[in-house]
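To be precise, the following lines are input15.cif, and they hold mmCIF, C-alpha atoms.
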data_target
#
loop_
_atom_site.group_PDB
_atom_site.id
_atom_site.type_symbol
_atom_site.label_atom_id
_atom_site.label_comp_id
_atom_site.auth_asym_id
_atom_site.auth_seq_id
_atom_site.Cartn_x
_atom_site.Cartn_y
_atom_site.Cartn_z
ATOM 1 C CA MET R 1144 99.204 105.484 108.426
ATOM 2 C CA ILE R 1145 99.847 101.782 107.818
ATOM 3 C CA ASP R 1146 96.964 99.394 108.227
ATOM 4 C CA ILE R 1147 95.129 96.225 107.220
ATOM 5 C CA ILE R 1148 91.365 96.768 107.173
ATOM 6 C CA ASP R 1149 88.194 94.773 106.470
ATOM 7 C CA THR R 1150 86.129 97.542 104.906
ATOM 8 C CA ASP R 1151 86.207 99.810 101.847
ATOM 9 C CA ILE R 1152 89.356 101.930 101.471
ATOM 10 C CA ALA R 1153 88.883 105.684 101.336
ATOM 11 C CA LEU R 1154 91.805 107.376 99.584
ATOM 12 C CA GLU R 1155 91.335 110.856 101.045
ATOM 13 C CA PRO R 1156 92.491 109.993 104.610
ATOM 14 C CA LEU R 1157 95.771 108.658 103.160
ATOM 15 C CA VAL R 1158 96.225 111.875 101.168
ATOM 16 C CA GLN R 1159 95.572 113.955 104.281
ATOM 17 C CA ASP R 1160 98.084 111.818 106.157
ATOM 18 C CA VAL R 1161 100.969 112.692 103.795
ATOM 19 C CA ARG R 1162 100.036 116.319 103.050
ATOM 20 C CA LYS R 1163 102.145 118.985 104.651
ATOM 21 C CA ASN R 1164 103.454 122.413 103.774
ATOM 22 C CA SER R 1165 106.838 121.122 102.634
ATOM 23 C CA ASN R 1166 105.288 118.582 100.235
ATOM 24 C CA GLY R 1167 104.462 120.000 96.804
ATOM 25 C CA ALA R 1168 103.653 116.567 95.363
ATOM 26 C CA VAL R 1169 101.304 113.838 96.543
ATOM 27 C CA VAL R 1170 101.233 110.675 94.413
ATOM 28 C CA THR R 1171 98.595 108.027 95.080
ATOM 29 C CA PHE R 1172 98.158 104.468 93.896
ATOM 30 C CA LEU R 1173 94.929 102.523 94.036
ATOM 31 C CA GLY R 1174 94.733 98.773 93.340
ATOM 32 C CA VAL R 1175 91.323 97.584 92.169
ATOM 33 C CA VAL R 1176 89.876 94.074 91.710
ATOM 34 C CA ARG R 1177 89.931 93.111 88.033
ATOM 35 C CA GLY R 1178 86.952 91.272 86.555
ATOM 36 C CA PHE R 1179 89.124 89.313 84.150
ATOM 37 C CA SER R 1180 92.258 87.380 85.061
ATOM 38 C CA ARG R 1181 94.234 84.544 83.469
ATOM 39 C CA GLY R 1182 91.626 84.076 80.783
ATOM 40 C CA ARG R 1183 88.695 83.797 83.168
ATOM 41 C CA ASN R 1184 85.849 85.951 84.396
ATOM 42 C CA VAL R 1185 86.477 86.587 88.079
ATOM 43 C CA LEU R 1186 83.391 86.495 90.326
ATOM 44 C CA PHE R 1187 85.096 87.855 93.442
ATOM 45 C CA LEU R 1188 88.342 87.688 95.442
ATOM 46 C CA GLU R 1189 89.202 86.646 98.974
ATOM 47 C CA TYR R 1190 92.244 88.281 100.545
ATOM 48 C CA GLU R 1191 93.892 86.837 103.628
ATOM 49 C CA ALA R 1192 96.715 88.393 105.668
ATOM 50 C CA TYR R 1193 99.071 87.366 108.413
ATOM 51 C CA ARG R 1194 98.049 90.623 110.006
ATOM 52 C CA GLU R 1195 100.731 91.291 112.612
ATOM 53 C CA MET R 1196 103.510 90.392 110.196
ATOM 54 C CA ALA R 1197 101.894 92.189 107.239
ATOM 55 C CA VAL R 1198 101.769 95.448 109.183
ATOM 56 C CA ARG R 1199 105.383 94.981 110.200
ATOM 57 C CA LYS R 1200 106.471 94.289 106.607
ATOM 58 C CA MET R 1201 104.516 97.320 105.323
ATOM 59 C CA GLN R 1202 106.419 99.305 107.941
ATOM 60 C CA GLN R 1203 109.630 97.870 106.495
ATOM 61 C CA VAL R 1204 108.607 99.077 103.019
ATOM 62 C CA ALA R 1205 108.056 102.559 104.485
ATOM 63 C CA ASP R 1206 111.500 102.378 106.135
ATOM 64 C CA GLU R 1207 113.094 101.415 102.800
ATOM 65 C CA VAL R 1208 111.385 104.368 101.110
ATOM 66 C CA ARG R 1209 112.660 106.656 103.877
ATOM 67 C CA GLU R 1210 116.192 105.383 103.331
ATOM 68 C CA LYS R 1211 116.183 105.585 99.517
ATOM 69 C CA TRP R 1212 114.411 108.908 98.947
ATOM 70 C CA THR R 1213 114.477 110.618 102.356
ATOM 71 C CA ILE R 1214 110.687 110.547 102.240
ATOM 72 C CA ASP R 1215 108.902 110.268 105.592
ATOM 73 C CA ASP R 1216 105.375 110.756 104.346
ATOM 74 C CA ILE R 1217 103.961 107.488 103.106
ATOM 75 C CA ALA R 1218 100.606 105.914 103.892
ATOM 76 C CA MET R 1219 99.619 102.338 102.979
ATOM 77 C CA VAL R 1220 96.360 100.484 103.548
ATOM 78 C CA HIS R 1221 95.476 96.977 102.356
ATOM 79 C CA ARG R 1222 91.992 95.526 102.564
ATOM 80 C CA VAL R 1223 91.334 91.846 103.319
ATOM 81 C CA GLY R 1224 88.280 89.582 103.207
ATOM 82 C CA HIS R 1225 85.699 89.301 100.427
ATOM 83 C CA LEU R 1226 86.139 91.831 97.599
ATOM 84 C CA GLU R 1227 83.887 92.280 94.608
ATOM 85 C CA VAL R 1228 85.134 93.240 91.150
ATOM 86 C CA GLY R 1229 85.829 96.979 91.065
ATOM 87 C CA GLU R 1230 86.461 97.299 94.804
ATOM 88 C CA ARG R 1231 89.691 98.769 96.136
ATOM 89 C CA SER R 1232 92.168 96.265 97.567
ATOM 90 C CA VAL R 1233 95.185 98.475 98.266
ATOM 91 C CA ALA R 1234 95.972 102.182 98.462
ATOM 92 C CA ILE R 1235 99.264 104.049 98.820
ATOM 93 C CA ALA R 1236 99.948 107.771 99.135
ATOM 94 C CA VAL R 1237 103.389 109.373 99.089
ATOM 95 C CA GLY R 1238 104.095 113.014 99.826
ATOM 96 C CA ALA R 1239 107.386 114.662 98.812
ATOM 97 C CA PRO R 1240 108.681 118.145 97.989
ATOM 98 C CA HIS R 1241 108.748 117.293 94.248
ATOM 99 C CA ARG R 1242 106.925 114.848 91.972
ATOM 100 C CA LYS R 1243 109.812 112.726 90.651
ATOM 101 C CA ALA R 1244 110.732 111.231 94.009
ATOM 102 C CA ALA R 1245 107.049 110.858 94.933
ATOM 103 C CA PHE R 1246 106.272 108.896 91.727
ATOM 104 C CA GLU R 1247 109.355 106.695 92.129
ATOM 105 C CA ALA R 1248 108.715 105.997 95.808
ATOM 106 C CA CYS R 1249 105.058 105.161 95.191
ATOM 107 C CA GLU R 1250 105.945 102.668 92.440
ATOM 108 C CA TYR R 1251 108.647 101.144 94.629
ATOM 109 C CA ALA R 1252 106.213 100.801 97.537
ATOM 110 C CA ILE R 1253 103.581 98.838 95.580
ATOM 111 C CA ASP R 1254 106.291 96.648 93.999
ATOM 112 C CA ARG R 1255 107.808 95.824 97.400
ATOM 113 C CA LEU R 1256 104.403 95.293 98.995
ATOM 114 C CA LYS R 1257 103.657 92.645 96.376
ATOM 115 C CA GLU R 1258 107.018 90.979 97.117
ATOM 116 C CA ILE R 1259 107.384 90.849 100.885
ATOM 117 C CA VAL R 1260 104.064 91.526 102.631
ATOM 118 C CA PRO R 1261 102.318 88.291 103.725
ATOM 119 C CA ILE R 1262 98.938 88.774 102.074
ATOM 120 C CA TRP R 1263 97.336 86.250 99.733
ATOM 121 C CA LYS R 1264 94.605 86.450 97.149
ATOM 122 C CA LYS R 1265 92.153 83.726 96.168
ATOM 123 C CA GLU R 1266 90.397 84.121 92.840
ATOM 124 C CA VAL R 1267 86.924 82.682 92.564
ATOM 125 C CA TRP R 1268 85.463 82.141 89.124
ATOM 126 C CA GLU R 1269 82.537 80.159 87.813
ATOM 127 C CA GLY R 1270 83.224 76.524 88.619
ATOM 128 C CA GLY R 1271 86.420 76.952 90.593
ATOM 129 C CA GLU R 1272 88.776 78.869 92.788
ATOM 130 C CA ALA R 1273 92.519 79.060 93.435
ATOM 131 C CA TRP R 1274 95.003 80.787 95.679
ATOM 132 C CA ILE R 1275 97.228 82.885 93.477
ATOM 133 C CA ASP R 1276 100.638 81.768 94.642
ATOM 134 C CA ASP R 1277 102.853 81.918 91.594
ATOM 135 C CA ARG R 1278 105.070 84.968 91.344
ATOM 136 C CA PRO R 1279 104.412 86.602 87.970
ATOM 137 C CA MET Q 1467 109.522 73.015 124.103
ATOM 138 C CA LYS Q 1468 106.160 74.405 123.109
ATOM 139 C CA VAL Q 1469 105.715 76.492 119.948
ATOM 140 C CA LYS Q 1470 102.844 77.855 117.906
ATOM 141 C CA THR Q 1471 102.633 77.315 114.140
ATOM 142 C CA LYS Q 1472 100.401 79.323 111.816
ATOM 143 C CA PHE Q 1473 99.259 78.402 108.314
ATOM 144 C CA PHE Q 1474 97.910 80.643 105.586
ATOM 145 C CA ALA Q 1475 96.218 80.510 102.196
ATOM 146 C CA ALA Q 1476 97.011 77.361 100.158
ATOM 147 C CA ILE Q 1477 99.067 75.865 103.005
ATOM 148 C CA LYS Q 1478 96.217 76.389 105.468
ATOM 149 C CA ASP Q 1479 93.894 74.536 103.068
ATOM 150 C CA ILE Q 1480 96.338 71.603 102.893
ATOM 151 C CA ILE Q 1481 96.908 71.363 106.663
ATOM 152 C CA GLY Q 1482 93.228 71.984 107.378
ATOM 153 C CA THR Q 1483 93.646 74.406 110.272
ATOM 154 C CA PRO Q 1484 94.951 77.971 110.720
ATOM 155 C CA GLU Q 1485 96.978 77.371 113.860
ATOM 156 C CA VAL Q 1486 98.528 74.565 115.897
ATOM 157 C CA GLU Q 1487 100.324 74.508 119.250
ATOM 158 C CA LEU Q 1488 102.778 71.680 119.518
ATOM 159 C CA GLU Q 1489 105.538 70.191 121.620
ATOM 160 C CA LEU Q 1490 108.887 69.814 119.838
ATOM 161 C CA PRO Q 1491 112.263 68.353 120.767
ATOM 162 C CA ASP Q 1492 114.954 70.921 121.622
ATOM 163 C CA GLY Q 1493 117.359 71.746 118.796
ATOM 164 C CA ILE Q 1494 114.861 71.407 115.970
ATOM 165 C CA THR Q 1495 115.131 73.983 113.173
ATOM 166 C CA ALA Q 1496 112.411 75.859 111.290
ATOM 167 C CA GLY Q 1497 113.258 73.842 108.159
ATOM 168 C CA ASP Q 1498 113.010 70.550 110.101
ATOM 169 C CA LEU Q 1499 109.526 71.519 111.202
ATOM 170 C CA PHE Q 1500 108.470 72.270 107.630
ATOM 171 C CA GLN Q 1501 109.862 68.879 106.547
ATOM 172 C CA ARG Q 1502 107.810 67.171 109.270
ATOM 173 C CA TYR Q 1503 104.666 68.763 107.900
ATOM 174 C CA CYS Q 1504 105.632 67.752 104.347
ATOM 175 C CA GLN Q 1505 105.867 64.133 105.486
ATOM 176 C CA GLN Q 1506 102.468 64.287 107.179
ATOM 177 C CA HIS Q 1507 100.796 66.201 104.346
ATOM 178 C CA THR Q 1508 102.350 65.166 101.024
ATOM 179 C CA PRO Q 1509 100.608 67.877 98.906
ATOM 180 C CA LEU Q 1510 102.687 70.369 100.895
ATOM 181 C CA SER Q 1511 105.811 69.210 99.030
ATOM 182 C CA ARG Q 1512 104.618 71.294 96.093
ATOM 183 C CA TYR Q 1513 105.501 74.330 98.209
ATOM 184 C CA ALA Q 1514 108.875 73.040 99.427
ATOM 185 C CA ASN Q 1515 110.866 75.235 97.031
ATOM 186 C CA ASN Q 1516 108.979 78.502 97.297
ATOM 187 C CA THR Q 1517 107.741 78.723 100.877
ATOM 188 C CA MET Q 1518 109.406 81.159 103.248
ATOM 189 C CA ILE Q 1519 109.449 80.611 106.994
ATOM 190 C CA SER Q 1520 108.899 83.288 109.608
ATOM 191 C CA VAL Q 1521 109.689 83.115 113.297
ATOM 192 C CA ASN Q 1522 108.196 85.780 115.553
ATOM 193 C CA LEU Q 1523 107.079 87.857 112.540
ATOM 194 C CA GLU Q 1524 110.446 87.960 110.708
ATOM 195 C CA PHE Q 1525 111.585 85.872 107.739
ATOM 196 C CA VAL Q 1526 114.329 83.448 108.780
ATOM 197 C CA PRO Q 1527 116.562 80.934 106.976
ATOM 198 C CA PRO Q 1528 115.472 77.264 107.377
ATOM 199 C CA GLU Q 1529 118.482 76.412 109.572
ATOM 200 C CA THR Q 1530 117.205 78.754 112.313
ATOM 201 C CA ARG Q 1531 116.816 76.916 115.627
ATOM 202 C CA LEU Q 1532 113.438 77.192 117.302
ATOM 203 C CA HIS Q 1533 112.905 78.188 120.928
ATOM 204 C CA GLU Q 1534 110.191 77.848 123.562
ATOM 205 C CA GLY Q 1535 107.266 80.140 122.820
ATOM 206 C CA ASP Q 1536 108.221 80.881 119.187
ATOM 207 C CA GLU Q 1537 105.488 81.659 116.674
ATOM 208 C CA ILE Q 1538 106.351 80.032 113.348
ATOM 209 C CA ALA Q 1539 104.532 80.581 110.073
ATOM 210 C CA PHE Q 1540 104.945 78.987 106.663
ATOM 211 C CA ILE Q 1541 104.558 81.695 104.060
ATOM 212 C CA PRO Q 1542 103.643 80.497 100.560
ATOM 213 C CA PRO Q 1543 104.408 82.988 97.742
ATOM 214 C CA VAL Q 1544 102.528 86.166 98.571
ATOM 215 C CA SER Q 1545 99.970 87.683 96.203
ATOM 216 C CA GLY Q 1546 98.766 90.866 97.852
ATOM 217 C CA GLY Q 1547 98.215 94.051 95.908
ATOM 218 C CA TYR Q 1548 95.516 93.928 93.250
#
Just give me the structure as structure tokens.
Amino acid sequence: MIDIIDTDIALEPLVQDVRKNSNGAVVTFLGVVRGFSRGRNVLFLEYEAYREMAVRKMQQVADEVREKWTIDDIAMVHRVGHLEVGERSVAIAVGAPHRKAAFEACEYAIDRLKEIVPIWKKEVWEGGEAWIDDRP
Amino acid sequence: MKVKTKFFAAIKDIIGTPEVELELPDGITAGDLFQRYCQQHTPLSRYANNTMISVNLEFVPPETRLHEGDEIAFIPPVSGGY
């Protein structure tokens, strides 16, 4: 399951997607909108995606995970549009026979997603807003 | 040749539209096209060093030649995740 959606992300469908009898470990990652960023109180975020390319690049991340850890079971969903503080912006689930590879692959997947997937975030705070386009 | 160009996030705000179809001379490269936009929209120069270019949904180097029907996008630094 790899998708860009406009509504709240439910984690359980991703978990179900990567569960199978050969997988003893399922690691999940949930990214949530922070209410405080760069010294400011964030009111809300706007996420925008180049959808067709974003899905393709998320697929590439899954392919890289398959190559590095021989893990086929990875699910990734990113939400776009208007998100309030505390809402879920991204979710990843990785299923593997054992936990070490699952943890490593899940961390790798969120790192790569933040590097190569064409999705952008605009922070809106009291009195201003800005696209976050500097790589931390 | 006719191509489609897409703009996102900060670059979309500078250009003022999400998508443009335009007629280009044969032989033009993806980097040439970005330079054209920089000349028309000077604030875009701020992104000259960190913007990636995609053609038909794949990142390409700026010297890539464009072809009829290509979909080009200028990709400012991404900030997905959380």
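Residues selected in this file by the PyMOL selection byres ((chain R and resi 1162-1170) around 8) comprise Val1158, Gln1159, Asp1160, Val1161, Thr1171, Phe1172, Asp1216, Ala1236, Val1237, Gly1238, Ala1239, Pro1240, His1241, Arg1242, Ala1245, Phe1246 and Cys1249 of chain R.
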message: I need the residue nearest chain R from this list: Q:Glu1534, Q:Thr1508, Q:Glu1489, Q:Lys1472. Use all atoms listed in the file for the distance.
response: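 Once distances to chain R are computed over all atoms listed in the file, the minimum belongs to Q:Lys1472.
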message: Can you spell out as a PyMOL selection string the set of residues that the PyMOL selection byres ((chain Q) within 12 of (chain R)) selects in the structure I just provided?
response: chain Q and resi 1472-1480+1484-1485+1512-1513+1515-1525+1537-1548
- request: Figure out the distance between atom CA of R:Ala1248 and atom CA of R:Glu1227, please, to one decimal in Å.
  value: 28.4 Å
- request: Mind giving me the straight-line distance from atom CA of R:Ile1145 to atom CA of R:Gly1229 in Å, one decimal?
  value: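 Atom-to-atom, atom CA of R:Ile1145 to atom CA of R:Gly1229, that is 22.4 Å.
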task: Can you work out the spacing between atom CA of Q:Leu1532 and atom CA of Q:Glu1487 in Å, to one decimal?
output: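 Straight-line distance from atom CA of Q:Leu1532 to atom CA of Q:Glu1487 works out to 13.5 Å.
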task: Step by step, work through what the PyMOL selection byres ((chain R and resi 1144) around 9) selects in the shown file, and finish by giving those residues as a list in words.
output: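 Applied to this file, the PyMOL selection byres ((chain R and resi 1144) around 9) selects Ile1145, Asp1146, Pro1156, Leu1157, Asp1160, Val1161, Ile1217, Ala1218, Met1219 and Val1220 of chain R.
Residue nearest Q:Pro1527, chosen from Q:Tyr1503, Q:Gly1497, Q:Thr1471, Q:Thr1483 and counting only C-alpha atoms: Q:Gly1497.
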